[in-house]
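**Student:** One structure, pasted below without further comment.
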Amino acid sequence: MNMQRKSGSTTKHIGHSHRRLNAKRHLAGRGQFVSDKTLPRMLHAAFVRSPMARGRILDIDISDALKAPGVMRVFTAAELNRICEPWSGTLDHFAGMKSTPQNILSEGDILWAGQPVVMVLAHSRAEAEDACELVFIDIEDEEPVIDGAAAMLPGAKLAAPGLTDNICFQTVLETPGVDAVFAGAAHIFEESFIFGRHTAVTLEPRAILADFDSASGQLTVHHGTQTPYQFQDLYARHFNLREGQVRVIAPDVGGSFGMKLHLYHEEMGAVAASILTGRPVRFLADRLESFVSDIHARDHQVQARMAVSAEGEILAMQVDDLAPVGAVSAYPRTSAAEGNQVIRLMGAPYQMADYRGRLSVVFQNKVQTSQYRAVGHPIACGVTERLCDMAAEALGVDPFDFRARNLIRDDAYPQTSATGYQFEKLSHEACLQQLRQMMNYDGLRAEQAELRKKGIHRGIGIAPFVEITNPGATFYGVGGARISAQDGAIVKLTPAGDVQCLISVTEQGQGTETIIAQVVAEQLALQPSAVKVVTGDTDTTPSGGATWACRGAGIGGETALRAARKLRDQILSIAGKILQADAATLMLSDGAVVDAATGTHRLDLAEIGRIATYRPDTLPAGTDISLTVAHHFAPQGYPFDFTNGIQASLVEVDVETGFVKLLKHWVVEDCGTIINPLLVDEQIRGGVVQGLGPAFFEECLYDDTGQLTNGSLADYLVPMACEMPDIEIGHVETPTLDTILGAKGVGEAGTAAAGAAAMNAVNDALRPFNASVSQTPMTPARILAVLGH
């Protein structure tokens, strides 16, 4: 097929703003979430969880629960786990990585407070919860492993059975000359950082409805997930079913942010219970149990140094990252991926030749941590940019000028970082220049100086960043994980002349359906509203990796583009047969075939659909009348399509109370070809808020016994609209040449550097007091502490 033939569309859609196609439906309250779905004979699941962080189960008595009103079954590990193959969260390319095998319910050892021990099925959720209160569990309490650094000490207690130590994974990444560079450097700047543990708090909690038909052996799972094909594979393998026996449907999903990528005990329990009972089983996590069962994020302790020349050039960095990840590694993507990205993204925007990064992923008796929006990026960016500001201040150089001196030049690509990442083409210099103009930097500095004379302490912080998008098979497939790097699309013209696109990338509110419709519509010279996009069903859409790591536009969009171009060429081929004309002289325009030279209308798409479907006998013998095409696409060039940008934050710190007012935030971002500017800006703004949340508010707090002390929305702070600043956004476009579309990802860009820019801004405000903060969240208490109050 000729992939370069022009469609002849008079209206371009790529690069233009279109509102999300599903927005009106959701505003009208017509969203269809897992929690909205009920099935005949459906049972509701609730779990009895361990109140202790570490211990040994001595006895379980379920007799009273079995007698409770509405209760149908009560499962312990002996019944439920026997039909499920255990899982272990390791990847082959993380050499030496280990994790204790897991199953649905605890089989004796308690590993964290909140671990499921007993599952109750009842006619209603309320009855199931009431019955949970009647279950008696005798647990012999043991001392938990809480502190990550202490967990690494010789003779430390073990966080889980089968371990010889608490090291999940360790690695060192270094260049040969790093020690010599530090030994000869004119300046060395160092700091210790703590990045707090937090969690996703999605609008819709985790939800699953499993329905096993014992007559046909078919398992249908309605699952609020980003990755239906991943879970089709997992359910098939762990319950010894053929993949064709498993259908996973991801309907509307109320936010995910990476949290709904992972395998959870409760979801596996719902599937197992449906298989054993032959009835539909639904589990909906409530907010309280979400805090002790959803994966947590971040939790890094970093020691970092930066070597700088007398002329202010960054020469090298050295980083030690301690990452406690809970009692087990998440499955199937592991809990080591974030730390691995932390040490590989350090110093990414800069011309830095030497580097050493050490990573220690450590077990402890807390909820497991794993991938969450902007995996590793906020830590790497926060460390790098704080050290840059420290260097600029010591050298008497403006922070903008220090970055301008050290950023990789826009004409220096392709480039390989000191950590081994390969950059095709980035635009740090252009972004830096645009940001300075956009925020009126010089004016803000002048205003800051005047306000300081009045006792008002404002701070300005900037943070360049690099973002990983469009990952290929080297991300997970190389480690043996059955996580697809490709995506598939089926595009078809119906007999009535309508266009449908069935695609493997999924929708969680970020606008996937809209951008796919725009891409397909442009290739077929239609309006996006004329393209119906179907996602999230393993029985109807082609297999693919779906949505994670900012791949929906770059990989899914490219897949849709190529499939649509195949269909375009097939439509024109059939039209040529009908019109007895050379297909090369025809093109599509506004729902019709027209003469390419004159634009004269020749044939409506509906007429082509009618003839190919109902009157193929009127076409020449041997004519290919198919109006459905399929295409699969996987990245073949660089392992990742890196994007870049820069953020700036303006804050005001009340030095008497420690409160920080967020006054303004700016982002200049380069995500390659922009498909929909409106949706790109929505993604960036949402990402910034999710970056500012853990920078100032969000933190999961544990006591010395391993109890989460703020596990409710009454105590766990999330950013509110009234606390967020105006966010101004600018763009640079550097398309990747690996694809026709040229799009990269954007979903994690806002989160990647928001916290780093904010930390630099707070420390800039504190500079007159010779105080600085290097721990997030930057709470009033912590700010007052560094001020000596």
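By convention here, the chains of the structure tokens are called A, B, ... in the order presented, each chain's residues are numbered starting at 1, and ligands are numbered starting at 1 in the order presented.
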Using only C-alpha atoms, what table do you get, as a tab-separated table, when you list each residue of segment 236-341 of chain A with an atom no more than 8 Å from segment 145-150 of chain A, its nearest pair of atoms, and their distance in Å rounded to one decimal, rows by chain then rising number?

**Tutor:**
residue	atom	partner	partner_atom	distance
A:Leu322	CA	A:Gly148	CA	7.3
A:Ala323	CA	A:Gly148	CA	7.4
A:Pro324	CA	A:Gly148	CA	5.3

**Student:** Give me a file of those residues, with N, CA, C and O atoms, as a PDB file, in the first residue's frame.

**Tutor:**
ATOM      1  N   LEU A 322      18.078   4.916  47.872  1.00  0.00           N
ATOM      2  CA  LEU A 322      17.496   3.856  48.682  1.00  0.00           C
ATOM      3  C   LEU A 322      15.993   3.904  48.497  1.00  0.00           C
ATOM      4  O   LEU A 322      15.354   4.911  48.799  1.00  0.00           O
ATOM      5  N   ALA A 323      15.438   2.813  47.979  1.00  0.00           N
ATOM      6  CA  ALA A 323      14.014   2.783  47.638  1.00  0.00           C
ATOM      7  C   ALA A 323      13.322   1.632  48.367  1.00  0.00           C
ATOM      8  O   ALA A 323      13.326   0.491  47.884  1.00  0.00           O
ATOM      9  N   PRO A 324      12.728   1.877  49.543  1.00  0.00           N
ATOM     10  CA  PRO A 324      11.924   0.841  50.211  1.00  0.00           C
ATOM     11  C   PRO A 324      10.612   0.642  49.444  1.00  0.00           C
ATOM     12  O   PRO A 324       9.952   1.618  49.092  1.00  0.00           O
TER      13      PRO A 324
END

**Student:** Looking only at the backbone, which of the residues in segment 89-169 of chain A does DSSP tag as helix (DSSP H, G or I), as a list in words?

**Tutor:** Arg125, Ala126, Glu127, Ala128, Glu129, Asp130, Ala131, Cys132, Gly148, Ala149, Ala150 and Ala151 of chain A

**Student:** Using N, CA and C atoms, can you write the selected residues to a file as an mmCIF file, in the first residue's frame?

**Tutor:**
data_model
loop_
_atom_site.group_PDB
_atom_site.id
_atom_site.type_symbol
_atom_site.label_atom_id
_atom_site.label_comp_id
_atom_site.auth_asym_id
_atom_site.auth_seq_id
_atom_site.Cartn_x
_atom_site.Cartn_y
_atom_site.Cartn_z
ATOM 1 N N ARG A 125 -22.864 -5.785 49.594
ATOM 2 C CA ARG A 125 -21.586 -5.399 50.177
ATOM 3 C C ARG A 125 -21.728 -5.185 51.676
ATOM 4 N N ALA A 126 -22.832 -4.595 52.092
ATOM 5 C CA ALA A 126 -23.036 -4.337 53.515
ATOM 6 C C ALA A 126 -23.071 -5.639 54.311
ATOM 7 N N GLU A 127 -23.769 -6.652 53.775
ATOM 8 C CA GLU A 127 -23.823 -7.939 54.472
ATOM 9 C C GLU A 127 -22.455 -8.593 54.514
ATOM 10 N N ALA A 128 -21.689 -8.457 53.442
ATOM 11 C CA ALA A 128 -20.341 -9.028 53.428
ATOM 12 C C ALA A 128 -19.457 -8.341 54.455
ATOM 13 N N GLU A 129 -19.567 -7.014 54.562
ATOM 14 C CA GLU A 129 -18.762 -6.289 55.544
ATOM 15 C C GLU A 129 -19.168 -6.654 56.975
ATOM 16 N N ASP A 130 -20.476 -6.794 57.200
ATOM 17 C CA ASP A 130 -20.928 -7.183 58.544
ATOM 18 C C ASP A 130 -20.389 -8.554 58.921
ATOM 19 N N ALA A 131 -20.360 -9.463 57.969
ATOM 20 C CA ALA A 131 -19.851 -10.812 58.250
ATOM 21 C C ALA A 131 -18.355 -10.795 58.519
ATOM 22 N N CYS A 132 -17.636 -9.889 57.870
ATOM 23 C CA CYS A 132 -16.187 -9.779 58.124
ATOM 24 C C CYS A 132 -15.914 -9.504 59.605
ATOM 25 N N GLY A 148 13.816 1.658 55.907
ATOM 26 C CA GLY A 148 14.538 1.073 54.780
ATOM 27 C C GLY A 148 16.015 0.936 55.027
ATOM 28 N N ALA A 149 16.628 1.938 55.631
ATOM 29 C CA ALA A 149 18.075 1.867 55.897
ATOM 30 C C ALA A 149 18.380 0.777 56.906
ATOM 31 N N ALA A 150 17.567 0.671 57.954
ATOM 32 C CA ALA A 150 17.781 -0.374 58.951
ATOM 33 C C ALA A 150 17.587 -1.762 58.359
ATOM 34 N N ALA A 151 16.708 -1.880 57.376
ATOM 35 C CA ALA A 151 16.451 -3.179 56.752
ATOM 36 C C ALA A 151 17.676 -3.732 56.047
#

**Student:** Closest to Ala297 of chain A among A:Leu345, A:Glu699, A:Val118, A:Met724, using only C-alpha atoms?

**Tutor:**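 The closest residue to Ala297 of chain A is A:Glu699.
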
**Student:** I'd like to know which of A:Ala481, A:Ala564, A:Arg197, A:His238 is closest to Leu708 of chain A, using only C-alpha atoms.

**Tutor:** A:Arg197

**Student:** Interatomic distance between atom CA of Asp61 of chain A and atom CA of Phe291 of chain A?

**Tutor:**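 These atoms are spaced 26.3 Å apart.
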
**Student:** Would you compute the distance between atom CA of Gly254 of chain A and atom CA of Phe283 of chain A? Give it in Å to one decimal.

**Tutor:**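 Separation of atom CA of Gly254 of chain A and atom CA of Phe283 of chain A: 15.7 Å.
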
**Student:** Tell me, as JSON, numbers by chain, which residues lie within 12 Å of Arg333 of chain A, counting only C-alpha atoms; anything in the same chain fewer than 4 positions away does not count.

**Tutor:** {"A": [87, 88, 89, 90, 91, 92, 94, 230, 258, 259, 260, 261, 262, 263, 329, 337, 338, 369, 370, 371, 372, 375, 475, 476, 477, 478, 479, 480, 481, 482, 483, 484, 548]}

**Student:** Tell me which protein, DNA and RNA residues are within 9 Å of segment 513-520 of chain A, counting only C-alpha atoms, leaving out same-chain ones fewer than 3 positions away, and put them as a PDB file with C-alpha atoms, in the first residue's frame.

**Tutor:**
ATOM      1  CA  LYS A  12      -6.903  19.159   8.929  1.00  0.00           C
ATOM      2  CA  HIS A  13      -7.557  17.748  12.377  1.00  0.00           C
ATOM      3  CA  ILE A  14      -4.073  16.896  13.636  1.00  0.00           C
ATOM      4  CA  HIS A  16      -6.305  21.358  16.158  1.00  0.00           C
ATOM      5  CA  HIS A  18     -11.312  19.173  19.667  1.00  0.00           C
ATOM      6  CA  ARG A  19     -13.209  18.592  22.873  1.00  0.00           C
ATOM      7  CA  ARG A  20     -13.225  15.062  24.250  1.00  0.00           C
ATOM      8  CA  LEU A  21     -15.864  13.026  22.454  1.00  0.00           C
ATOM      9  CA  ASN A  22     -17.074  11.432  25.691  1.00  0.00           C
ATOM     10  CA  VAL A 491     -10.438   0.470  10.834  1.00  0.00           C
ATOM     11  CA  VAL A 499     -16.120   4.606   9.905  1.00  0.00           C
ATOM     12  CA  GLN A 500     -15.188   2.647  13.009  1.00  0.00           C
ATOM     13  CA  CYS A 501     -11.801   2.242  14.639  1.00  0.00           C
ATOM     14  CA  ILE A 503      -7.986  -0.034  18.869  1.00  0.00           C
ATOM     15  CA  VAL A 505      -5.059   1.712  23.475  1.00  0.00           C
ATOM     16  CA  THR A 506      -7.527   2.547  26.209  1.00  0.00           C
ATOM     17  CA  GLU A 507      -9.402   5.524  27.632  1.00  0.00           C
ATOM     18  CA  GLN A 510      -7.299  11.516  29.024  1.00  0.00           C
ATOM     19  CA  GLN A 523      -6.508  10.224   6.768  1.00  0.00           C
ATOM     20  CA  LEU A 524     -10.043   9.577   5.475  1.00  0.00           C
ATOM     21  CA  ALA A 525     -11.029  13.243   4.967  1.00  0.00           C
ATOM     22  CA  LEU A 526     -13.864  13.086   7.513  1.00  0.00           C
ATOM     23  CA  GLN A 527     -14.894  14.985  10.616  1.00  0.00           C
ATOM     24  CA  PRO A 528     -13.738  13.299  13.870  1.00  0.00           C
ATOM     25  CA  SER A 529     -17.388  13.033  14.932  1.00  0.00           C
ATOM     26  CA  ALA A 530     -17.912  10.646  11.992  1.00  0.00           C
ATOM     27  CA  VAL A 531     -15.388   8.153  13.431  1.00  0.00           C
ATOM     28  CA  LYS A 532     -16.562   5.794  16.154  1.00  0.00           C
ATOM     29  CA  VAL A 533     -13.654   4.638  18.336  1.00  0.00           C
ATOM     30  CA  VAL A 534     -14.000   1.413  20.332  1.00  0.00           C
ATOM     31  CA  THR A 535     -11.529   0.524  23.090  1.00  0.00           C
ATOM     32  CA  GLY A 552      -1.339   6.242  23.584  1.00  0.00           C
ATOM     33  CA  ALA A 553      -0.682   9.009  21.045  1.00  0.00           C
ATOM     34  CA  GLY A 556      -1.629   4.059  19.326  1.00  0.00           C
ATOM     35  CA  GLY A 557      -1.918   7.144  17.136  1.00  0.00           C
ATOM     36  CA  GLU A 558       0.651   5.811  14.687  1.00  0.00           C
ATOM     37  CA  ALA A 560      -4.443   4.195  13.765  1.00  0.00           C
ATOM     38  CA  LEU A 561      -2.808   6.408  11.144  1.00  0.00           C
ATOM     39  CA  ARG A 562      -1.292   3.482   9.270  1.00  0.00           C
ATOM     40  CA  ALA A 563      -4.489   1.433   9.460  1.00  0.00           C
ATOM     41  CA  ALA A 564      -6.548   4.380   8.211  1.00  0.00           C
ATOM     42  CA  ARG A 565      -4.189   4.922   5.290  1.00  0.00           C
ATOM     43  CA  ILE A 675      -2.452  16.120  17.819  1.00  0.00           C
ATOM     44  CA  ASN A 676      -4.880  18.061  20.020  1.00  0.00           C
ATOM     45  CA  LEU A 679      -6.038  17.804  25.390  1.00  0.00           C
ATOM     46  CA  LEU A 741       2.826  10.964  12.834  1.00  0.00           C
TER      47      LEU A 741
END

**Student:** Between atom CA of Met778 of chain A and atom CA of Ala446 of chain A, what is the distance in Å, rounded to a tenth?

**Tutor:**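 Distance reported for this atom pair: 25.8 Å.
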
**Student:** Using only C-alpha atoms, which protein or nucleic acid residues come within 10 Å of segment 166-172 of chain A? Drop anything in the same chain fewer than 6 positions from it, and give the result as a ChimeraX atom specification.

**Tutor:** /A:90,94-100,145,148,150-154,156-160,319-329,335-336,339-340,343,356-364

**Student:** Kindly export the residues of the current selection with C-alpha atoms, as an mmCIF file, in the first residue's frame.

**Tutor:**
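As written to disk, again_36.cif reads:
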data_model
loop_
_atom_site.group_PDB
_atom_site.id
_atom_site.type_symbol
_atom_site.label_atom_id
_atom_site.label_comp_id
_atom_site.auth_asym_id
_atom_site.auth_seq_id
_atom_site.Cartn_x
_atom_site.Cartn_y
_atom_site.Cartn_z
ATOM 1 C CA THR A 90 10.687 -10.017 39.194
ATOM 2 C CA PHE A 94 17.147 -7.038 36.708
ATOM 3 C CA ALA A 95 19.931 -9.421 37.635
ATOM 4 C CA GLY A 96 19.617 -10.955 41.088
ATOM 5 C CA MET A 97 16.180 -9.518 41.772
ATOM 6 C CA LYS A 98 14.022 -11.486 44.209
ATOM 7 C CA SER A 99 10.591 -11.355 45.790
ATOM 8 C CA THR A 100 8.575 -13.783 47.915
ATOM 9 C CA VAL A 145 10.691 -4.076 59.303
ATOM 10 C CA GLY A 148 14.538 1.073 54.780
ATOM 11 C CA ALA A 150 17.781 -0.374 58.951
ATOM 12 C CA ALA A 151 16.451 -3.179 56.752
ATOM 13 C CA MET A 152 19.802 -3.294 54.941
ATOM 14 C CA LEU A 153 21.901 -3.739 58.077
ATOM 15 C CA PRO A 154 23.494 -7.138 58.797
ATOM 16 C CA ALA A 156 18.165 -7.178 60.316
ATOM 17 C CA LYS A 157 14.840 -8.923 60.737
ATOM 18 C CA LEU A 158 13.396 -10.212 57.476
ATOM 19 C CA ALA A 159 10.340 -8.585 55.950
ATOM 20 C CA ALA A 160 9.051 -11.787 54.326
ATOM 21 C CA VAL A 319 23.797 9.316 43.402
ATOM 22 C CA ASP A 320 22.786 6.720 45.986
ATOM 23 C CA ASP A 321 19.067 5.920 45.902
ATOM 24 C CA LEU A 322 17.496 3.856 48.682
ATOM 25 C CA ALA A 323 14.014 2.783 47.638
ATOM 26 C CA PRO A 324 11.924 0.841 50.211
ATOM 27 C CA VAL A 325 9.112 -0.872 48.297
ATOM 28 C CA GLY A 326 7.007 -2.797 50.794
ATOM 29 C CA ALA A 327 7.069 -6.485 51.642
ATOM 30 C CA VAL A 328 6.866 -7.802 48.065
ATOM 31 C CA SER A 329 7.598 -6.545 44.578
ATOM 32 C CA SER A 335 8.694 -2.443 42.229
ATOM 33 C CA ALA A 336 12.235 -1.877 40.945
ATOM 34 C CA GLY A 339 14.336 3.230 41.113
ATOM 35 C CA ASN A 340 15.895 2.036 37.872
ATOM 36 C CA ILE A 343 19.245 6.587 38.557
ATOM 37 C CA ARG A 356 27.708 6.925 39.104
ATOM 38 C CA GLY A 357 24.292 5.822 40.283
ATOM 39 C CA ARG A 358 23.666 3.197 42.945
ATOM 40 C CA LEU A 359 20.217 1.771 43.521
ATOM 41 C CA SER A 360 19.104 -0.319 46.490
ATOM 42 C CA VAL A 361 15.515 -1.577 46.402
ATOM 43 C CA VAL A 362 14.628 -2.805 49.882
ATOM 44 C CA PHE A 363 11.803 -4.806 51.433
ATOM 45 C CA GLN A 364 9.859 -3.532 54.454
#

**Student:** Go through A:Gly730, A:Gly544, A:Pro780, A:Pro471 one by one, measure the shortest atom-to-atom distance of each to Pro639 of chain A using only C-alpha atoms, and give the residue with the smallest value.

**Tutor:**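 Nearest to Pro639 of chain A: A:Pro471.
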
**Student:** Taking only C-alpha atoms into account, name the residue in A:Pro620, A:Pro719, A:Gly706, A:Pro725 that is nearest to Gly693 of chain A.

**Tutor:**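 Ranking A:Pro620, A:Pro719, A:Gly706, A:Pro725 by distance to Gly693 of chain A, first place goes to A:Pro719.
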
**Student:** List as a list in words the protein and nucleic acid residues near segment 449-464 of chain A, meaning an atom at most 7 Å away when only C-alpha atoms are counted, but skip any in the same chain fewer than 5 places from it.

**Tutor:**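 After dropping sequence-adjacent residues, the list is Pro349, Glu385, Gly645, Ile646, Gln647, Ala648, Ser649, Leu650, Val651, Glu652, Val653, Ala753, Ala756, Ala757, Ala758, Asn760, Ala761, Val762, Asp764 and Ala765 of chain A.
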
**Student:** Could you write out that same residue set with all heavy atoms as a compact mmCIF listing (two decimals), in the first residue's frame?

**Tutor:**
# COMPACT_ATOMS: atom_id res chain seq x y z
N PRO A 349 19.04 16.33 31.22
CA PRO A 349 19.05 17.46 30.28
C PRO A 349 20.43 18.05 29.98
O PRO A 349 20.55 18.90 29.10
CB PRO A 349 18.17 18.52 30.99
CG PRO A 349 17.44 17.78 32.06
CD PRO A 349 18.36 16.69 32.47
N GLU A 385 17.94 19.19 39.78
CA GLU A 385 17.70 20.64 39.72
C GLU A 385 18.00 21.35 41.03
O GLU A 385 18.39 22.52 41.02
CB GLU A 385 16.26 20.89 39.27
CG GLU A 385 15.97 20.40 37.87
CD GLU A 385 17.01 20.86 36.85
OE1 GLU A 385 17.41 22.04 36.89
OE2 GLU A 385 17.44 20.03 36.03
N GLY A 645 11.20 19.47 28.26
CA GLY A 645 10.55 20.74 28.53
C GLY A 645 11.20 21.39 29.72
O GLY A 645 12.27 20.99 30.19
N ILE A 646 10.53 22.40 30.23
CA ILE A 646 11.02 23.10 31.42
C ILE A 646 9.82 23.68 32.14
O ILE A 646 8.83 24.08 31.52
CB ILE A 646 12.04 24.20 31.03
CG1 ILE A 646 12.63 24.87 32.27
CG2 ILE A 646 11.43 25.23 30.09
CD1 ILE A 646 13.84 25.73 31.98
N GLN A 647 9.90 23.72 33.46
CA GLN A 647 8.83 24.27 34.28
C GLN A 647 9.38 25.36 35.19
O GLN A 647 10.57 25.36 35.52
CB GLN A 647 8.15 23.18 35.11
CG GLN A 647 7.51 22.09 34.27
CD GLN A 647 6.62 21.17 35.06
OE1 GLN A 647 6.01 21.57 36.06
NE2 GLN A 647 6.51 19.92 34.62
N ALA A 648 8.52 26.26 35.60
CA ALA A 648 8.88 27.31 36.55
C ALA A 648 7.76 27.49 37.55
O ALA A 648 6.58 27.33 37.21
CB ALA A 648 9.17 28.62 35.83
N SER A 649 8.13 27.84 38.76
CA SER A 649 7.17 28.00 39.83
C SER A 649 7.43 29.32 40.55
O SER A 649 8.59 29.69 40.78
CB SER A 649 7.27 26.84 40.82
OG SER A 649 6.36 26.98 41.89
N LEU A 650 6.36 30.02 40.89
CA LEU A 650 6.44 31.25 41.69
C LEU A 650 5.64 31.01 42.96
O LEU A 650 4.45 30.69 42.90
CB LEU A 650 5.87 32.43 40.92
CG LEU A 650 5.79 33.76 41.68
CD1 LEU A 650 7.19 34.29 42.01
CD2 LEU A 650 5.01 34.81 40.87
N VAL A 651 6.30 31.15 44.11
CA VAL A 651 5.64 30.89 45.39
C VAL A 651 5.89 32.06 46.34
O VAL A 651 6.80 32.88 46.13
CB VAL A 651 6.15 29.59 46.04
CG1 VAL A 651 5.99 28.41 45.10
CG2 VAL A 651 7.59 29.73 46.51
N GLU A 652 5.08 32.09 47.38
CA GLU A 652 5.29 33.05 48.47
C GLU A 652 5.26 32.27 49.78
O GLU A 652 4.31 31.53 50.04
CB GLU A 652 4.20 34.12 48.45
CG GLU A 652 4.40 35.23 49.48
CD GLU A 652 3.37 36.33 49.29
OE1 GLU A 652 3.35 36.91 48.18
OE2 GLU A 652 2.59 36.58 50.23
N VAL A 653 6.30 32.41 50.57
CA VAL A 653 6.43 31.68 51.83
C VAL A 653 6.20 32.63 52.99
O VAL A 653 6.85 33.67 53.09
CB VAL A 653 7.82 31.03 51.94
CG1 VAL A 653 7.95 30.28 53.28
CG2 VAL A 653 8.07 30.07 50.79
N ALA A 753 8.38 17.47 36.57
CA ALA A 753 9.23 18.56 37.06
C ALA A 753 8.51 19.55 37.95
O ALA A 753 9.14 20.50 38.43
CB ALA A 753 9.86 19.29 35.88
N ALA A 756 10.06 19.65 41.42
CA ALA A 756 11.43 20.18 41.38
C ALA A 756 11.42 21.69 41.27
O ALA A 756 12.16 22.40 41.98
CB ALA A 756 12.19 19.56 40.21
N ALA A 757 10.59 22.22 40.38
CA ALA A 757 10.49 23.67 40.24
C ALA A 757 9.97 24.30 41.53
O ALA A 757 10.46 25.36 41.95
CB ALA A 757 9.57 24.02 39.06
N ALA A 758 9.00 23.64 42.16
CA ALA A 758 8.44 24.18 43.40
C ALA A 758 9.46 24.16 44.53
O ALA A 758 9.55 25.11 45.32
CB ALA A 758 7.19 23.38 43.79
N ASN A 760 12.73 24.33 44.26
CA ASN A 760 13.68 25.40 44.00
C ASN A 760 13.08 26.76 44.33
O ASN A 760 13.77 27.66 44.80
CB ASN A 760 14.15 25.35 42.56
CG ASN A 760 15.21 24.28 42.33
OD1 ASN A 760 15.78 23.75 43.28
ND2 ASN A 760 15.49 23.97 41.08
N ALA A 761 11.78 26.93 44.06
CA ALA A 761 11.13 28.20 44.37
C ALA A 761 11.06 28.43 45.87
O ALA A 761 11.33 29.54 46.36
CB ALA A 761 9.73 28.22 43.75
N VAL A 762 10.69 27.41 46.63
CA VAL A 762 10.63 27.54 48.09
C VAL A 762 12.01 27.88 48.64
O VAL A 762 12.17 28.78 49.48
CB VAL A 762 10.08 26.26 48.72
CG1 VAL A 762 10.27 26.28 50.24
CG2 VAL A 762 8.60 26.09 48.37
N ASP A 764 14.43 29.28 47.09
CA ASP A 764 14.79 30.63 46.67
C ASP A 764 14.18 31.66 47.62
O ASP A 764 14.82 32.66 47.98
CB ASP A 764 14.32 30.87 45.24
CG ASP A 764 14.73 32.22 44.69
OD1 ASP A 764 15.93 32.57 44.79
OD2 ASP A 764 13.86 32.93 44.16
N ALA A 765 12.94 31.40 48.05
CA ALA A 765 12.29 32.30 49.01
C ALA A 765 12.98 32.27 50.37
O ALA A 765 13.01 33.28 51.09
CB ALA A 765 10.82 31.92 49.16

**Student:** Name all residues at most 8 Å from Lys744 of chain A (count only C-alpha atoms; drop same-chain ones fewer than 2 positions away) and give them as an MDAnalysis selection string.

**Tutor:** chainID A and resid 469:470 550:551 553:554 641:643 671:673 735:736 742 746

**Student:** Can you list, as a VMD selection string, every residue of segment 43-191 of chain A that DSSP puts in strand (DSSP E)?

**Tutor:** chain A and resid 43 to 49 55 to 61 71 to 75 109 to 110 116 to 122 136 to 141 167 to 174 187 to 191
